[in-house]
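Comments concern the structure below.
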Amino acid sequence: MVDTAIDPERKKPGKLECFINPEMIWRSRETDQGREGCFSTGLVYGLVRRPIALKLRAWTPEGKQIERIFEGFSARIMQHECDHLEGIRFPDRIKSDRKLHWVHTEELGIYPDHIKHWPRLCSRQRWHALSHS
Ligand SMILES: [Zn+2]
């Protein structure tokens with residue numbers, strides 16, 4: 001279940017859609033870096049580099065096979081959610097200790113503007129220890 005009309009600022013209503021057995025059959029060579037957090041990572045947020053577009057093949061709940069292109073923020077979400085199906089959480093995709101952060105709920109409003117120089121880093125070693133405890 002993915003919100004395919006998501007607004008990163010959460011100012012517009014989204015559109016929940018269900019994709020069964022999703023498979024990414026194409027990903028753009030071009031990548032960009034964006035902010036991610038997750039219900040499964042608590043206060044850990046970070047900057048993740050991912051392809052900016054992809055093509056998904058999946059089944060609808062009505063049993064129809066579809067192929068769809070996703071771009072921008074919805075491509076990022078789709079990759080994040082498909083990763084979950086493989087047991088991968090976004091911090092596992094981060095290669096630099098400077099890009100994984102501790103962010104308290106009351107700081108989420110200022111986080112986007114300060115993400116590049118966020119003072120409280122979560123080292124990948126710490127993440128690894130947390131995620132295997
Ligand atoms: Zn997640």
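Simple scheme: letters A, B, ... for chains in structure tokens order, numbers from 1 for residues in each chain, numbers from 1 for ligands in the order shown.
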Using only C-alpha atoms, tabulate the residues of range 78-126 of chain A lying at most 9 Å from any atom of range 40-59 of chain A, each with its closest atom pair and that distance in Å to one decimal, by chain and increasing residue number, as a Markdown table.
```
| residue | atom | partner | partner_atom | distance |
| --- | --- | --- | --- | --- |
| A:Met78 | CA | A:Leu56 | CA | 8.8 |
| A:Gln79 | CA | A:Arg50 | CA | 8.0 |
| A:Arg89 | CA | A:Ser40 | CA | 7.9 |
| A:Phe90 | CA | A:Val48 | CA | 7.1 |
| A:Pro91 | CA | A:Gly46 | CA | 7.1 |
| A:Arg93 | CA | A:Val48 | CA | 6.6 |
| A:Ile94 | CA | A:Val48 | CA | 5.8 |
| A:Lys95 | CA | A:Val48 | CA | 8.7 |
| A:Arg98 | CA | A:Gly46 | CA | 8.9 |
| A:Lys99 | CA | A:Leu47 | CA | 5.2 |
| A:Leu100 | CA | A:Gly46 | CA | 4.4 |
| A:His101 | CA | A:Tyr45 | CA | 5.2 |
| A:Trp102 | CA | A:Val44 | CA | 4.9 |
| A:Val103 | CA | A:Leu43 | CA | 5.3 |
| A:His104 | CA | A:Leu43 | CA | 6.0 |
| A:Thr105 | CA | A:Leu43 | CA | 7.5 |
| A:Ile115 | CA | A:Leu47 | CA | 7.9 |
| A:Lys116 | CA | A:Leu47 | CA | 8.6 |
| A:Cys122 | CA | A:Val44 | CA | 7.4 |
```
> Using only C-alpha atoms and all ligand atoms, what are the residues with an atom within 9 Å of ligand 1, set out as a list in words?
Replying inline: Glu36, Gly37, Cys38, Phe39, Ser40, Thr41, Ile77, His80, Glu81, Asp83, His84, Ile88, Arg89 and Phe90 of chain A
Keeping only C-alpha atoms, write those residues as a JSON list (two decimals), in the first residue's frame.
```
[["chain", "number", "residue", "atom", "x", "y", "z"],
["A", 36, "GLU", "CA", 13.86, 9.73, 4.57],
["A", 37, "GLY", "CA", 12.49, 8.49, 7.84],
["A", 38, "CYS", "CA", 10.45, 5.43, 8.70],
["A", 39, "PHE", "CA", 8.08, 4.03, 11.32],
["A", 40, "SER", "CA", 10.57, 1.19, 11.67],
["A", 41, "THR", "CA", 13.57, 3.41, 12.49],
["A", 77, "ILE", "CA", 8.71, 6.16, -1.60],
["A", 80, "HIS", "CA", 11.76, 2.67, 0.16],
["A", 81, "GLU", "CA", 8.67, 0.39, 0.37],
["A", 83, "ASP", "CA", 13.20, -2.31, 0.05],
["A", 84, "HIS", "CA", 11.05, -3.31, 3.04],
["A", 88, "ILE", "CA", 16.17, -3.51, 3.81],
["A", 89, "ARG", "CA", 15.63, -0.30, 5.77],
["A", 90, "PHE", "CA", 16.79, 3.08, 4.46]]
```
> What is the distance between CA of Arg124 in chain A and CA of Ser96 in chain A, in Å to one decimal?
Replying inline: 7.7 Å
Contact table range 61-108 of chain A vs range 14-32 of chain A, cut-off 10 Å, shortest pair per residue, only C-alpha atoms, as CSV:
```
residue,atom,partner,partner_atom,distance
A:Pro61,CA,A:Cys18,CA,6.9
A:Gly63,CA,A:Ile20,CA,8.9
A:Lys64,CA,A:Ile20,CA,9.9
A:Gln65,CA,A:Ile20,CA,9.2
A:Ile66,CA,A:Phe19,CA,9.1
A:Glu67,CA,A:Ile25,CA,8.9
A:Arg68,CA,A:Met24,CA,9.7
A:Ile69,CA,A:Trp26,CA,8.9
A:Phe70,CA,A:Arg27,CA,9.6
A:Glu71,CA,A:Ser28,CA,9.5
A:Gly72,CA,A:Asp32,CA,9.2
A:Ala75,CA,A:Arg27,CA,9.5
A:Arg76,CA,A:Asp32,CA,9.5
A:Met78,CA,A:Met24,CA,9.2
A:Gln79,CA,A:Met24,CA,8.4
A:Glu81,CA,A:Pro22,CA,9.8
A:Cys82,CA,A:Pro22,CA,7.3
A:Leu85,CA,A:Pro22,CA,9.3
```
>> If you run DSSP on the backbone here, which positions in chain A get strand (DSSP E or B)? Please write them as a PyMOL selection string.
In response: chain A and resi 2-3+16-17+20-27+31-36+44-51+53-59+65-71+100-102+121
Helix (DSSP H, G or I) per DSSP on the backbone: members of range 6-99 of chain A, as a CSV table (one decimal) with all heavy atoms, in the first residue's frame:
```csv
chain,number,residue,atom,x,y,z
A,72,GLY,N,10.3,11.4,-9.1
A,72,GLY,CA,10.4,12.3,-7.9
A,72,GLY,C,10.1,11.6,-6.6
A,72,GLY,O,10.6,10.5,-6.3
A,73,PHE,N,9.3,12.3,-5.8
A,73,PHE,CA,9.1,11.8,-4.4
A,73,PHE,C,8.4,10.5,-4.4
A,73,PHE,O,8.7,9.6,-3.6
A,73,PHE,CB,8.3,12.9,-3.6
A,73,PHE,CG,8.4,12.7,-2.1
A,73,PHE,CD1,9.7,12.7,-1.5
A,73,PHE,CD2,7.3,12.5,-1.3
A,73,PHE,CE1,9.7,12.5,-0.1
A,73,PHE,CE2,7.4,12.4,0.0
A,73,PHE,CZ,8.6,12.3,0.7
A,74,SER,N,7.4,10.3,-5.3
A,74,SER,CA,6.7,9.0,-5.3
A,74,SER,C,7.7,7.8,-5.7
A,74,SER,O,7.5,6.7,-5.3
A,74,SER,CB,5.5,9.0,-6.1
A,74,SER,OG,5.8,9.2,-7.5
A,75,ALA,N,8.7,8.1,-6.6
A,75,ALA,CA,9.7,7.1,-6.9
A,75,ALA,C,10.5,6.7,-5.7
A,75,ALA,O,10.8,5.6,-5.4
A,75,ALA,CB,10.6,7.6,-8.0
A,76,ARG,N,10.8,7.8,-4.9
A,76,ARG,CA,11.6,7.5,-3.7
A,76,ARG,C,10.8,6.6,-2.7
A,76,ARG,O,11.3,5.7,-2.1
A,76,ARG,CB,11.9,8.9,-3.0
A,76,ARG,CG,12.6,8.8,-1.7
A,76,ARG,CD,13.2,10.1,-1.2
A,76,ARG,NE,14.2,10.6,-2.1
A,76,ARG,CZ,15.4,10.2,-2.2
A,76,ARG,NH1,15.9,9.3,-1.3
A,76,ARG,NH2,16.3,10.7,-3.1
A,77,ILE,N,9.5,6.9,-2.5
A,77,ILE,CA,8.7,6.2,-1.6
A,77,ILE,C,8.6,4.7,-2.1
A,77,ILE,O,8.7,3.8,-1.3
A,77,ILE,CB,7.3,6.8,-1.4
A,77,ILE,CG1,7.5,8.1,-0.6
A,77,ILE,CG2,6.3,5.9,-0.8
A,77,ILE,CD1,6.3,8.9,-0.5
A,78,MET,N,8.3,4.6,-3.4
A,78,MET,CA,8.2,3.2,-3.9
A,78,MET,C,9.4,2.4,-3.7
A,78,MET,O,9.3,1.2,-3.3
A,78,MET,CB,7.9,3.3,-5.4
A,78,MET,CG,7.4,2.1,-6.1
A,78,MET,SD,5.9,1.4,-5.3
A,78,MET,CE,4.7,2.5,-6.0
A,79,GLN,N,10.6,3.0,-3.9
A,79,GLN,CA,11.9,2.2,-3.6
A,79,GLN,C,12.0,1.9,-2.1
A,79,GLN,O,12.5,0.8,-1.8
A,79,GLN,CB,13.1,3.1,-4.1
A,79,GLN,CG,13.1,3.2,-5.7
A,79,GLN,CD,14.1,4.1,-6.2
A,79,GLN,OE1,15.3,3.8,-6.2
A,79,GLN,NE2,13.7,5.3,-6.5
A,80,HIS,N,11.7,2.9,-1.3
A,80,HIS,CA,11.8,2.7,0.2
A,80,HIS,C,10.9,1.5,0.5
A,80,HIS,O,11.3,0.6,1.3
A,80,HIS,CB,11.3,4.0,0.9
A,80,HIS,CG,11.3,3.9,2.3
A,80,HIS,ND1,12.0,4.7,3.2
A,80,HIS,CD2,10.5,3.2,3.2
A,80,HIS,CE1,11.7,4.5,4.4
A,80,HIS,NE2,10.8,3.5,4.5
A,81,GLU,N,9.6,1.5,0.0
A,81,GLU,CA,8.7,0.4,0.4
A,81,GLU,C,9.1,-0.9,-0.2
A,81,GLU,O,9.0,-2.0,0.4
A,81,GLU,CB,7.2,0.8,-0.1
A,81,GLU,CG,6.7,2.0,0.6
A,81,GLU,CD,6.7,2.0,2.1
A,81,GLU,OE1,6.8,1.0,2.7
A,81,GLU,OE2,6.8,3.1,2.7
A,82,CYS,N,9.6,-0.9,-1.5
A,82,CYS,CA,10.0,-2.2,-2.1
A,82,CYS,C,11.2,-2.8,-1.3
A,82,CYS,O,11.4,-4.0,-1.1
A,82,CYS,CB,10.4,-2.0,-3.6
A,82,CYS,SG,8.9,-1.9,-4.6
A,83,ASP,N,12.1,-1.9,-0.8
A,83,ASP,CA,13.2,-2.3,0.1
A,83,ASP,C,12.7,-3.1,1.3
A,83,ASP,O,13.3,-4.1,1.6
A,83,ASP,CB,14.0,-1.1,0.6
A,83,ASP,CG,15.1,-0.7,-0.4
A,83,ASP,OD1,15.3,-1.4,-1.4
A,83,ASP,OD2,15.8,0.3,-0.1
A,84,HIS,N,11.6,-2.6,1.9
A,84,HIS,CA,11.0,-3.3,3.0
A,84,HIS,C,10.7,-4.8,2.7
A,84,HIS,O,10.9,-5.6,3.6
A,84,HIS,CB,9.8,-2.6,3.5
A,84,HIS,CG,10.0,-1.4,4.5
A,84,HIS,ND1,10.8,-1.5,5.6
A,84,HIS,CD2,9.7,-0.2,4.4
A,84,HIS,CE1,10.8,-0.3,6.2
A,84,HIS,NE2,10.2,0.5,5.5
A,85,LEU,N,10.2,-5.0,1.5
A,85,LEU,CA,9.9,-6.4,1.1
A,85,LEU,C,11.1,-7.3,1.1
A,85,LEU,O,11.0,-8.5,1.2
A,85,LEU,CB,9.2,-6.4,-0.3
A,85,LEU,CG,7.9,-5.6,-0.4
A,85,LEU,CD1,7.4,-5.6,-1.8
A,85,LEU,CD2,6.8,-6.1,0.6
A,90,PHE,N,16.0,2.0,5.2
A,90,PHE,CA,16.8,3.1,4.5
A,90,PHE,C,18.2,3.3,5.0
A,90,PHE,O,19.1,3.6,4.2
A,90,PHE,CB,16.0,4.4,4.4
A,90,PHE,CG,16.0,5.2,5.6
A,90,PHE,CD1,17.0,6.1,5.9
A,90,PHE,CD2,14.9,5.1,6.5
A,90,PHE,CE1,17.0,6.8,7.1
A,90,PHE,CE2,14.9,5.8,7.7
A,90,PHE,CZ,16.0,6.6,8.0
A,91,PRO,N,18.4,3.2,6.3
A,91,PRO,CA,19.8,3.4,6.8
A,91,PRO,C,20.8,2.5,6.2
A,91,PRO,O,22.0,2.8,6.0
A,91,PRO,CB,19.7,3.3,8.3
A,91,PRO,CG,18.3,3.6,8.7
A,91,PRO,CD,17.5,3.0,7.5
A,92,ASP,N,20.3,1.3,5.8
A,92,ASP,CA,21.2,0.3,5.1
A,92,ASP,C,21.7,0.8,3.8
A,92,ASP,O,22.7,0.3,3.2
A,92,ASP,CB,20.5,-1.0,5.0
A,92,ASP,CG,20.0,-1.6,6.3
A,92,ASP,OD1,20.7,-1.4,7.3
A,92,ASP,OD2,18.9,-2.2,6.3
A,93,ARG,N,21.0,1.8,3.2
A,93,ARG,CA,21.4,2.3,1.9
A,93,ARG,C,22.3,3.5,2.0
A,93,ARG,O,22.8,4.1,1.0
A,93,ARG,CB,20.1,2.8,1.2
A,93,ARG,CG,19.2,1.8,0.8
A,93,ARG,CD,19.4,1.3,-0.6
A,93,ARG,NE,18.5,0.2,-1.0
A,93,ARG,CZ,18.9,-0.8,-1.7
A,93,ARG,NH1,20.1,-0.9,-2.1
A,93,ARG,NH2,18.0,-1.7,-2.1
A,97,ASP,N,28.7,8.3,7.3
A,97,ASP,CA,28.3,8.5,8.7
A,97,ASP,C,27.6,9.9,8.8
A,97,ASP,O,26.9,10.1,9.8
A,97,ASP,CB,29.5,8.4,9.6
A,97,ASP,CG,29.7,6.9,10.0
A,97,ASP,OD1,28.9,6.1,9.7
A,97,ASP,OD2,30.8,6.6,10.6
A,98,ARG,N,27.9,10.8,8.0
A,98,ARG,CA,27.4,12.2,8.1
A,98,ARG,C,26.0,12.3,7.6
A,98,ARG,O,25.3,13.3,7.8
A,98,ARG,CB,28.3,13.2,7.3
A,98,ARG,CG,29.7,13.2,7.8
A,98,ARG,CD,30.4,14.5,7.5
A,98,ARG,NE,29.6,15.6,8.1
A,98,ARG,CZ,29.7,16.0,9.4
A,98,ARG,NH1,30.5,15.3,10.2
A,98,ARG,NH2,29.0,17.0,9.9
A,99,LYS,N,25.4,11.2,7.0
A,99,LYS,CA,24.1,11.3,6.4
A,99,LYS,C,23.0,10.6,7.2
A,99,LYS,O,21.9,10.5,6.7
A,99,LYS,CB,24.2,10.8,5.0
A,99,LYS,CG,25.0,11.8,4.1
A,99,LYS,CD,25.1,11.3,2.7
A,99,LYS,CE,26.0,12.3,1.9
A,99,LYS,NZ,26.2,11.8,0.6
```
> What gap, in Å, lies between CA of Gly109 in chain A and CA of Asp7 in chain A?
Replying inline: 15.1 Å
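When CA of Pro8 in chain A is paired with CA of Asp113 in chain A, their separation reads 13.6 Å.
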